[in-house]
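The file input_21.cif contains mmCIF, C-alpha atoms:
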data_upload
#
loop_
_atom_site.label_atom_id
_atom_site.label_comp_id
_atom_site.auth_asym_id
_atom_site.auth_seq_id
_atom_site.Cartn_x
_atom_site.Cartn_y
_atom_site.Cartn_z
CA MET G 1 -14.19 -8.16 -18.77
CA LEU G 2 -12.08 -11.20 -18.06
CA GLY G 3 -9.09 -10.46 -20.24
CA TYR G 4 -6.29 -12.84 -21.13
CA VAL G 5 -2.76 -13.27 -19.91
CA LYS G 6 -0.52 -14.45 -22.74
CA LYS G 7 3.03 -15.70 -22.47
CA GLU G 8 4.26 -12.80 -24.59
CA ASP G 9 2.43 -10.37 -22.30
CA ILE G 10 4.28 -11.75 -19.31
CA SER G 11 7.55 -11.68 -21.20
CA SER G 12 6.93 -8.01 -22.01
CA ILE G 13 7.13 -7.23 -18.31
CA ASN G 14 10.88 -7.89 -18.67
CA SER G 15 11.24 -4.60 -20.50
CA LYS G 16 9.79 -2.77 -17.52
CA LYS G 17 12.41 -1.19 -15.34
CA ALA G 18 11.16 -3.01 -12.28
CA MET G 19 12.67 -6.38 -12.78
CA LEU G 20 15.24 -4.47 -12.83
CA THR G 21 18.87 -5.03 -13.52
CA ASN G 22 18.77 -8.67 -14.56
CA PRO G 23 15.87 -9.68 -16.86
CA SER G 24 17.02 -13.30 -16.94
CA LYS G 25 16.30 -13.56 -13.23
CA PHE G 26 12.77 -12.36 -13.88
CA ASP G 27 12.37 -15.09 -16.52
CA ILE G 28 13.12 -17.58 -13.77
CA LEU G 29 10.71 -15.82 -11.41
CA LYS G 30 7.99 -15.82 -14.07
CA SER G 31 8.40 -19.54 -14.70
CA TRP G 32 8.49 -20.29 -10.98
CA PHE G 33 5.27 -18.39 -10.34
CA PHE G 34 3.35 -20.27 -13.01
CA ARG G 35 4.67 -23.68 -11.97
CA LEU G 36 4.01 -22.96 -8.29
CA PHE G 37 0.54 -21.54 -8.64
CA LEU G 38 -0.93 -23.39 -11.60
CA LYS G 39 0.76 -26.78 -11.09
CA GLU G 40 0.74 -27.32 -14.85
CA LYS G 41 3.29 -27.65 -17.60
CA ILE G 42 3.78 -24.37 -19.45
CA GLU G 43 3.45 -24.77 -23.22
CA ASP G 44 4.94 -22.44 -25.81
CA ASN G 45 1.51 -21.07 -26.70
CA PHE G 46 -1.02 -20.72 -23.93
CA TYR G 47 -3.81 -18.55 -22.64
CA TYR G 48 -5.03 -18.20 -19.08
CA THR G 49 -8.09 -16.11 -18.35
CA ILE G 50 -7.88 -13.84 -15.33
CA LYS G 51 -10.81 -15.84 -13.94
CA LYS G 52 -8.79 -19.04 -14.26
CA LEU G 53 -5.77 -17.49 -12.59
CA LYS G 54 -8.00 -16.42 -9.71
CA SER G 55 -9.71 -19.74 -9.17
CA ASN G 56 -7.67 -22.40 -11.02
CA SER G 57 -6.03 -24.33 -8.29
CA LYS G 58 -7.56 -25.49 -5.05
CA LYS G 59 -3.99 -26.29 -4.12
CA MET G 60 -3.15 -22.60 -4.21
CA ALA G 61 -3.26 -21.07 -0.74
CA LEU G 62 -5.26 -17.88 -0.31
CA GLU G 63 -2.15 -15.79 0.38
CA GLU G 64 -0.34 -17.21 -2.66
CA LYS G 65 -3.30 -16.37 -4.87
CA LYS G 66 -3.44 -12.85 -3.47
CA ILE G 67 0.28 -12.25 -4.10
CA PHE G 68 0.01 -13.59 -7.64
CA MET G 69 -2.95 -11.38 -8.52
CA ASN G 70 -1.22 -8.35 -6.98
CA LEU G 71 1.82 -9.06 -9.15
CA LEU G 72 -0.32 -9.08 -12.30
CA LYS G 73 -1.83 -5.70 -11.41
CA PHE G 74 1.42 -4.09 -10.28
CA GLY G 75 2.43 -2.78 -13.70
CA HIS G 76 -0.73 -0.64 -13.89
CA LYS G 77 -0.36 1.00 -10.47
CA THR G 78 0.69 4.64 -10.11
CA VAL G 79 2.36 6.51 -7.27
CA GLU G 80 -0.97 8.15 -6.43
CA ASP G 81 -2.52 4.72 -5.81
CA VAL G 82 -0.24 3.96 -2.87
CA MET G 83 1.05 7.25 -1.49
CA ILE G 84 0.56 8.27 2.12
CA PRO G 85 -1.47 11.50 1.83
CA ARG G 86 -0.18 14.85 3.02
CA SER G 87 -2.62 14.86 5.96
CA ASP G 88 -0.95 11.73 7.38
CA ILE G 89 2.67 12.84 6.96
CA LYS G 90 4.69 13.03 10.18
CA ALA G 91 7.74 15.29 9.94
CA VAL G 92 9.92 17.63 12.00
CA LYS G 93 11.07 21.20 11.41
CA LEU G 94 14.60 21.90 10.20
CA THR G 95 15.17 23.97 13.34
CA THR G 96 14.63 20.93 15.59
CA SER G 97 17.74 20.09 17.60
CA VAL G 98 19.32 16.64 17.62
CA GLU G 99 18.30 16.17 21.26
CA GLU G 100 14.69 17.20 20.54
CA LEU G 101 14.51 14.82 17.57
CA SER G 102 15.78 11.98 19.73
CA LYS G 103 12.95 12.57 22.21
CA ILE G 104 10.37 12.84 19.42
CA LEU G 105 11.50 9.56 17.88
CA ASN G 106 11.17 7.83 21.23
CA SER G 107 7.64 9.09 21.82
CA LYS G 108 5.84 10.25 18.67
CA ILE G 109 7.48 9.04 15.46
CA PRO G 110 8.92 5.56 16.05
CA HIS G 111 10.21 5.04 12.52
CA THR G 112 13.55 4.36 10.88
CA ARG G 113 13.35 7.46 8.67
CA THR G 114 12.04 10.90 9.65
CA LEU G 115 11.11 13.64 7.18
CA VAL G 116 12.43 17.16 7.70
CA TYR G 117 10.74 20.31 6.36
CA ASP G 118 11.65 23.99 6.21
CA GLU G 119 8.73 26.22 7.30
CA THR G 120 5.92 24.15 5.67
CA LEU G 121 5.28 20.61 4.42
CA ASP G 122 5.44 22.01 0.88
CA ASN G 123 9.17 22.33 1.42
CA ILE G 124 10.29 18.89 2.60
CA ILE G 125 14.05 19.04 2.18
CA GLY G 126 14.91 15.45 3.00
CA PHE G 127 14.88 12.77 5.65
CA ILE G 128 17.06 11.60 8.52
CA HIS G 129 17.93 7.95 9.00
CA ILE G 130 17.87 6.87 12.62
CA LYS G 131 21.35 5.31 12.39
CA ASP G 132 22.83 8.70 11.40
CA LEU G 133 21.13 10.28 14.40
CA PHE G 134 22.42 7.59 16.77
CA LYS G 135 25.95 8.06 15.43
CA ILE G 136 25.82 11.73 16.43
CA LEU G 137 24.36 10.96 19.85
CA VAL G 138 26.95 8.27 20.60
CA THR G 139 29.95 10.29 19.42
CA LYS G 140 28.52 13.55 20.82
CA GLN G 141 29.36 15.43 17.63
CA ASP G 142 28.23 19.05 17.40
CA ILE G 143 26.18 18.68 14.21
CA SER G 144 22.74 20.11 13.35
CA LEU G 145 20.02 18.13 11.58
CA LYS G 146 21.03 19.81 8.33
CA GLY G 147 24.34 17.95 8.43
CA ILE G 148 22.75 14.49 8.32
CA ILE G 149 19.78 15.05 6.03
CA ARG G 150 19.54 12.65 3.09
CA LYS G 151 17.93 13.64 -0.20
CA PRO G 152 14.68 11.91 -1.20
CA ILE G 153 13.45 11.07 -4.68
CA ILE G 154 10.86 13.45 -6.13
CA SER G 155 7.97 11.83 -8.00
CA ALA G 156 4.67 12.84 -9.59
CA PRO G 157 1.32 11.24 -8.68
CA SER G 158 0.97 9.87 -12.22
CA MET G 159 4.37 8.14 -12.25
CA LYS G 160 4.18 4.36 -12.68
CA LEU G 161 4.93 2.57 -9.45
CA ILE G 162 7.17 0.11 -11.26
CA ASP G 163 9.30 3.03 -12.53
CA LEU G 164 9.58 4.53 -9.05
CA LEU G 165 10.68 1.17 -7.67
CA ALA G 166 13.37 1.00 -10.37
CA LYS G 167 14.60 4.50 -9.49
CA MET G 168 14.64 3.71 -5.77
CA ARG G 169 16.73 0.62 -6.36
CA ARG G 170 19.07 2.41 -8.73
CA ASP G 171 19.60 5.42 -6.45
CA ARG G 172 19.43 3.37 -3.22
CA VAL G 173 16.87 5.74 -1.71
CA GLN G 174 13.91 4.33 0.20
CA ILE G 175 11.55 7.31 0.28
CA SER G 176 9.97 9.58 -2.33
CA ILE G 177 8.18 12.91 -1.95
CA VAL G 178 5.14 13.13 -4.22
CA VAL G 179 4.62 16.66 -5.56
CA ASP G 180 1.73 18.19 -7.49
CA GLU G 181 1.95 20.34 -10.61
CA TYR G 182 2.58 23.45 -8.51
CA GLY G 183 5.40 21.91 -6.51
CA GLY G 184 3.34 21.37 -3.37
CA THR G 185 3.57 18.16 -1.36
CA ASP G 186 0.84 15.65 -2.21
CA GLY G 187 2.19 12.79 -0.11
CA ILE G 188 5.05 10.34 0.31
CA VAL G 189 5.85 6.81 -0.80
CA THR G 190 8.32 4.46 0.87
CA ILE G 191 9.78 1.32 -0.59
CA GLU G 192 7.78 -0.61 2.03
CA ASP G 193 4.56 0.90 0.64
CA ILE G 194 5.50 -0.38 -2.81
CA MET G 195 6.36 -3.89 -1.66
CA GLU G 196 3.11 -4.09 0.30
CA GLU G 197 1.26 -3.72 -3.00
CA ILE G 198 2.58 -7.18 -3.87
CA VAL G 199 2.90 -9.11 -0.63
CA GLY G 200 0.43 -7.30 1.63
CA ARG G 201 1.05 -5.46 4.87
CA ILE G 202 4.57 -5.65 6.29
CA ASP G 203 4.98 -4.74 9.96
CA ASP G 204 8.43 -3.67 11.09
CA GLU G 205 9.77 -3.57 14.62
CA HIS G 206 8.36 -0.07 15.13
CA ASP G 207 4.78 -0.88 14.11
CA LYS G 208 2.31 -1.24 16.93
CA LYS G 209 -0.34 -3.84 16.30
CA SER G 210 -3.90 -2.62 16.78
CA ASP G 211 -7.35 -3.27 15.43
CA ASN G 212 -7.04 -0.12 13.32
CA ASP G 213 -4.00 -1.37 11.41
CA ASN G 214 -6.07 -3.66 9.22
CA PHE G 215 -9.38 -5.29 10.01
CA LYS G 216 -10.82 -7.41 12.79
CA ILE G 217 -13.33 -10.24 12.55
CA ILE G 218 -16.15 -9.41 14.99
CA ASN G 219 -18.21 -12.53 14.30
CA ASN G 220 -18.83 -14.90 11.39
CA ASN G 221 -20.58 -12.24 9.29
CA THR G 222 -19.13 -8.93 10.53
CA ILE G 223 -15.79 -7.13 10.03
CA LEU G 224 -14.46 -3.98 11.71
CA SER G 225 -12.11 -2.30 9.25
CA ASN G 226 -9.71 0.63 9.02
CA ALA G 227 -10.92 2.94 6.23
CA ARG G 228 -7.56 2.57 4.44
CA VAL G 229 -7.89 -1.19 3.95
CA LYS G 230 -7.94 -2.18 0.28
CA VAL G 231 -11.38 -3.18 -1.02
CA GLU G 232 -9.87 -6.34 -2.52
CA GLU G 233 -8.76 -7.55 0.92
CA LEU G 234 -12.29 -7.21 2.24
CA GLU G 235 -13.75 -8.89 -0.85
CA LEU G 236 -11.57 -11.92 -0.11
CA ALA G 237 -13.02 -12.13 3.40
CA LEU G 238 -16.64 -11.33 2.55
CA GLY G 239 -16.83 -13.39 -0.61
CA VAL G 240 -18.71 -10.62 -2.47
CA LYS G 241 -17.74 -7.95 -5.00
CA LEU G 242 -17.73 -4.44 -3.59
CA LYS G 243 -16.43 -2.57 -6.66
CA THR G 244 -16.40 -2.80 -10.45
CA GLU G 245 -13.53 -2.37 -12.89
CA ASN G 246 -14.71 1.18 -13.61
CA ASP G 247 -14.55 2.30 -9.98
CA GLU G 248 -11.55 4.56 -9.31
CA PHE G 249 -11.23 4.05 -5.54
CA ASP G 250 -8.96 1.44 -3.94
CA THR G 251 -9.85 1.55 -0.24
CA ILE G 252 -13.06 0.91 1.67
CA GLY G 253 -12.98 4.56 2.73
CA GLY G 254 -12.83 5.56 -0.93
CA LEU G 255 -15.87 3.37 -1.61
CA VAL G 256 -17.85 5.17 1.09
CA LEU G 257 -16.86 8.61 -0.24
CA ALA G 258 -17.85 7.54 -3.76
CA LYS G 259 -21.26 6.37 -2.54
CA VAL G 260 -22.05 9.32 -0.26
CA GLY G 261 -20.12 12.17 -1.89
CA ASN G 262 -18.63 13.49 1.36
CA VAL G 263 -17.28 12.34 4.71
CA PRO G 264 -20.36 10.85 6.43
CA SER G 265 -21.19 11.18 10.12
CA VAL G 266 -20.65 8.38 12.61
CA GLY G 267 -23.59 5.97 12.60
CA ILE G 268 -24.50 6.43 8.93
CA LYS G 269 -25.33 3.09 7.25
CA ILE G 270 -24.93 2.29 3.56
CA ASP G 271 -26.18 -0.74 1.61
CA ILE G 272 -23.64 -2.11 -0.87
CA GLU G 273 -24.95 -4.24 -3.73
CA GLU G 274 -27.81 -5.35 -1.44
CA GLN G 275 -25.37 -7.82 0.12
CA VAL G 276 -23.40 -5.83 2.68
CA GLU G 277 -24.43 -3.26 5.26
CA LEU G 278 -21.66 -0.75 5.94
CA GLU G 279 -21.74 1.45 9.04
CA VAL G 280 -19.44 4.39 9.79
CA ILE G 281 -17.86 3.77 13.20
CA GLU G 282 -15.24 6.52 13.41
CA ALA G 283 -14.74 9.71 11.38
CA ASP G 284 -13.73 13.34 11.73
CA PRO G 285 -14.73 16.31 9.54
CA ARG G 286 -11.84 15.66 7.15
CA SER G 287 -11.53 11.89 6.86
CA LEU G 288 -13.11 8.51 7.46
CA LYS G 289 -11.31 6.36 10.04
CA GLN G 290 -13.17 3.11 10.68
CA VAL G 291 -16.17 1.22 9.29
CA LYS G 292 -18.09 -1.95 10.07
CA LEU G 293 -19.19 -4.32 7.30
CA LYS G 294 -21.92 -6.89 7.90
CA LEU G 295 -23.04 -9.55 5.44
CA LYS G 296 -26.83 -9.54 5.11
CA ASN G 297 -26.89 -13.21 4.19
CA GLY G 298 -24.31 -15.94 4.70
CA THR G 299 -21.00 -15.90 6.52
CA LEU G 300 -17.42 -14.87 5.87
CA LEU G 301 -15.29 -17.21 3.78
CA PRO G 302 -13.83 -20.20 5.73
CA ASN G 303 -10.34 -18.75 6.16
CA TYR G 304 -11.84 -15.74 7.95
CA THR G 305 -14.51 -17.25 10.20
CA LEU G 306 -13.94 -17.48 13.94
#

Could you quickly redo this structure as C-alpha cells?
Amino acid sequence: MLGYVKKEDISSINSKKAMLTNPSKFDILKSWFFRLFLKEKIEDNFYYTIKKLKSNSKKMALEEKKIFMNLLKFGHKTVEDVMIPRSDIKAVKLTTSVEELSKILNSKIPHTRTLVYDETLDNIIGFIHIKDLFKILVTKQDISLKGIIRKPIISAPSMKLIDLLAKMRRDRVQISIVVDEYGGTDGIVTIEDIMEEIVGRIDDEHDKKSDNDNFKIINNNTILSNARVKVEELELALGVKLKTENDEFDTIGGLVLAKVGNVPSVGIKIDIEEQVELEVIEADPRSLKQVKLKLKNGTLLPNYTL
C-alpha cells in the first residue's frame, strides 16, 4: 500500500507532543523539509504518494532521503521498537564505591551515564552522570553513589516514542527505564537512541568504531552486518526489499529469527526473496550477533560499492 501524505496530515503532527513547546517552529521545519527535499512549490491542496517522496528528486541525497522517510515514520514508533534490551544493559550495583566506579568507567563502561541497580536489574534505581562522579573525585568528598544518583523516566514498551521524547525534554532527563506489566526491567532508551531513529547512528566520543557497530562492505555484492542493523539500512545498500509492511521485525537479526524460528547456528544459510543469500557468521545460544548478506545477482547500489 502506497498511502498518501496530505498537507493536513503533516499539520496534524503539530498536535503531537514532540514538536514540542513551539508548534510554529515545527510549521517552519515542515515547510523547510518539503522545499529542501522536493524542490517544488507547495500548494494549498496537494498529495504526495509515499512512493513519490521516496524517489521524487534525483537532487535529493541518499542521506537526506533517509532522514525524511525516518521523520515520516517517527510518529508510529513505540519505545519497544528502539529500546536496548535487558540482556545488553550495562549497570553497576548500588554497593559499588566511588573509586570502584571510576575504575569501571575507565575500563568497561565508557559512557556519560551509568545505570545503578539494587540487587537485580529489575530494581534499577537511577543513573549517575559522569560529571557528578568527577566532581566528587576532584573535591574528594565523602559521598556514596546513592548521594549522586539521578532519577530516570519510567516508560512502558507500548508508549509512543514521540511522547517519550516530549517527556524527556520537559523533565530534562536523558534516559528511560522500560518496564513490563509486572514491573520488571525490559530495557532502556536514551535520548540518543530516539534521535538516531531520525538521523541515523550518532557516535559520541566514547564510542569505539568497529565493523560490528554497523555494517561493512566486503565486495560489490556482499555486506557483513551487525544483527542489530535496521533492515531498511540494508535495503538501501542492497537495492532489494527484505521485508513487507506486515512484518513486525525491524532489524536484520529479527528477520532471521522470523524466518528460522530460533537462534540459528553459525554457518546456517537462508535465502531471502530468492535475491539475497544470508549466512550466520556469529551467534551464541541466546542471540544473533553478525550476518553476511550476498546478492545473488547484480551489485550493491552505487553509493555503497567499493

Considering all atoms listed in the file, can you say which of G:Leu105, G:Leu115, G:Leu234, G:Val98 comes closest to Leu145 of chain G? G:Val98

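Here atom CA of Arg170 of chain G stands at a distance of 28.8 Å from atom CA of Lys230 of chain G.
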
When the PyMOL selection byres ((chain G and resi 222) around 12) is applied to the structure above, which residues does it catch, written out as a ChimeraX atom specification? /G:215-221,223-225,234,237-238,276-279,291-301,304-306

Once the PyMOL selection byres ((chain G and resi 86) around 9) is applied to the coordinates I shared, what remains selected? I want it as a VMD selection string. chain G and resid 83 to 85 87 to 90 121 185 to 188

Tell me, as a PyMOL selection string, which residues lie within 8 Å of Leu94 of chain G, counting all atoms listed in the file; anything in the same chain fewer than 5 positions away does not count. chain G and resi 116-119+145-146

Which residues fall under the PyMOL selection byres ((chain G and resi 262) around 12) in this file, as a PDB file with C-alpha atoms, in the frame of the given file?
ATOM      1  CA  GLY G 253     -12.980   4.560   2.730  1.00  0.00           C
ATOM      2  CA  GLY G 254     -12.830   5.560  -0.930  1.00  0.00           C
ATOM      3  CA  LEU G 255     -15.870   3.370  -1.610  1.00  0.00           C
ATOM      4  CA  VAL G 256     -17.850   5.170   1.090  1.00  0.00           C
ATOM      5  CA  LEU G 257     -16.860   8.610  -0.240  1.00  0.00           C
ATOM      6  CA  ALA G 258     -17.850   7.540  -3.760  1.00  0.00           C
ATOM      7  CA  LYS G 259     -21.260   6.370  -2.540  1.00  0.00           C
ATOM      8  CA  VAL G 260     -22.050   9.320  -0.260  1.00  0.00           C
ATOM      9  CA  GLY G 261     -20.120  12.170  -1.890  1.00  0.00           C
ATOM     10  CA  VAL G 263     -17.280  12.340   4.710  1.00  0.00           C
ATOM     11  CA  PRO G 264     -20.360  10.850   6.430  1.00  0.00           C
ATOM     12  CA  SER G 265     -21.190  11.180  10.120  1.00  0.00           C
ATOM     13  CA  ILE G 268     -24.500   6.430   8.930  1.00  0.00           C
ATOM     14  CA  ALA G 283     -14.740   9.710  11.380  1.00  0.00           C
ATOM     15  CA  ASP G 284     -13.730  13.340  11.730  1.00  0.00           C
ATOM     16  CA  PRO G 285     -14.730  16.310   9.540  1.00  0.00           C
ATOM     17  CA  ARG G 286     -11.840  15.660   7.150  1.00  0.00           C
ATOM     18  CA  SER G 287     -11.530  11.890   6.860  1.00  0.00           C
ATOM     19  CA  LEU G 288     -13.110   8.510   7.460  1.00  0.00           C
TER      20      LEU G 288
END

Taking every listed atom of segment 272-285 of chain G and adding 4 Å to each side, what centre and edge lengths in Å (one decimal) does the axis-aligned box have, as AutoDock Vina command-line options?
--center_x -20.8 --center_y 4.2 --center_z 4.8 --size_x 22.1 --size_y 32.1 --size_z 25.1

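Reported to one decimal place, the separation of atom CA of Ile281 of chain G from atom CA of Asn226 of chain G is 9.7 Å.
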
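Taking atom CA of Ile177 of chain G and atom CA of Glu197 of chain G as endpoints, the distance between them is 18.0 Å.
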
Name the residues within 12 Å of (16.1, 8.2, 10.1), counting only C-alpha atoms in the file's coordinates, and put them as a VMD selection string. chain G and resid 91 to 92 98 101 to 102 104 to 105 109 to 116 126 to 135 145 148 to 152 174 to 175

Smallest atom-to-atom distance to Ser144 of chain G: which of G:Val229, G:Asp247, G:Val82, G:Ser97, using only C-alpha atoms? G:Ser97

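Remark: for Phe249 of chain G, the closest of the candidate residues G:Glu196, G:Pro157, G:Val266, G:Asp81 is G:Asp81 (distances computed over all atoms listed in the file).
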
Selected residue, from G:Phe74, G:Ile191, G:Asn123, G:Val231, that lies nearest to Glu248 of chain G when counting all atoms listed in the file: G:Val231

Rank nothing, just name the residue among G:Val178, G:Leu236, G:Val173, G:Ile124 nearest to Lys93 of chain G, using all atoms listed in the file. G:Ile124
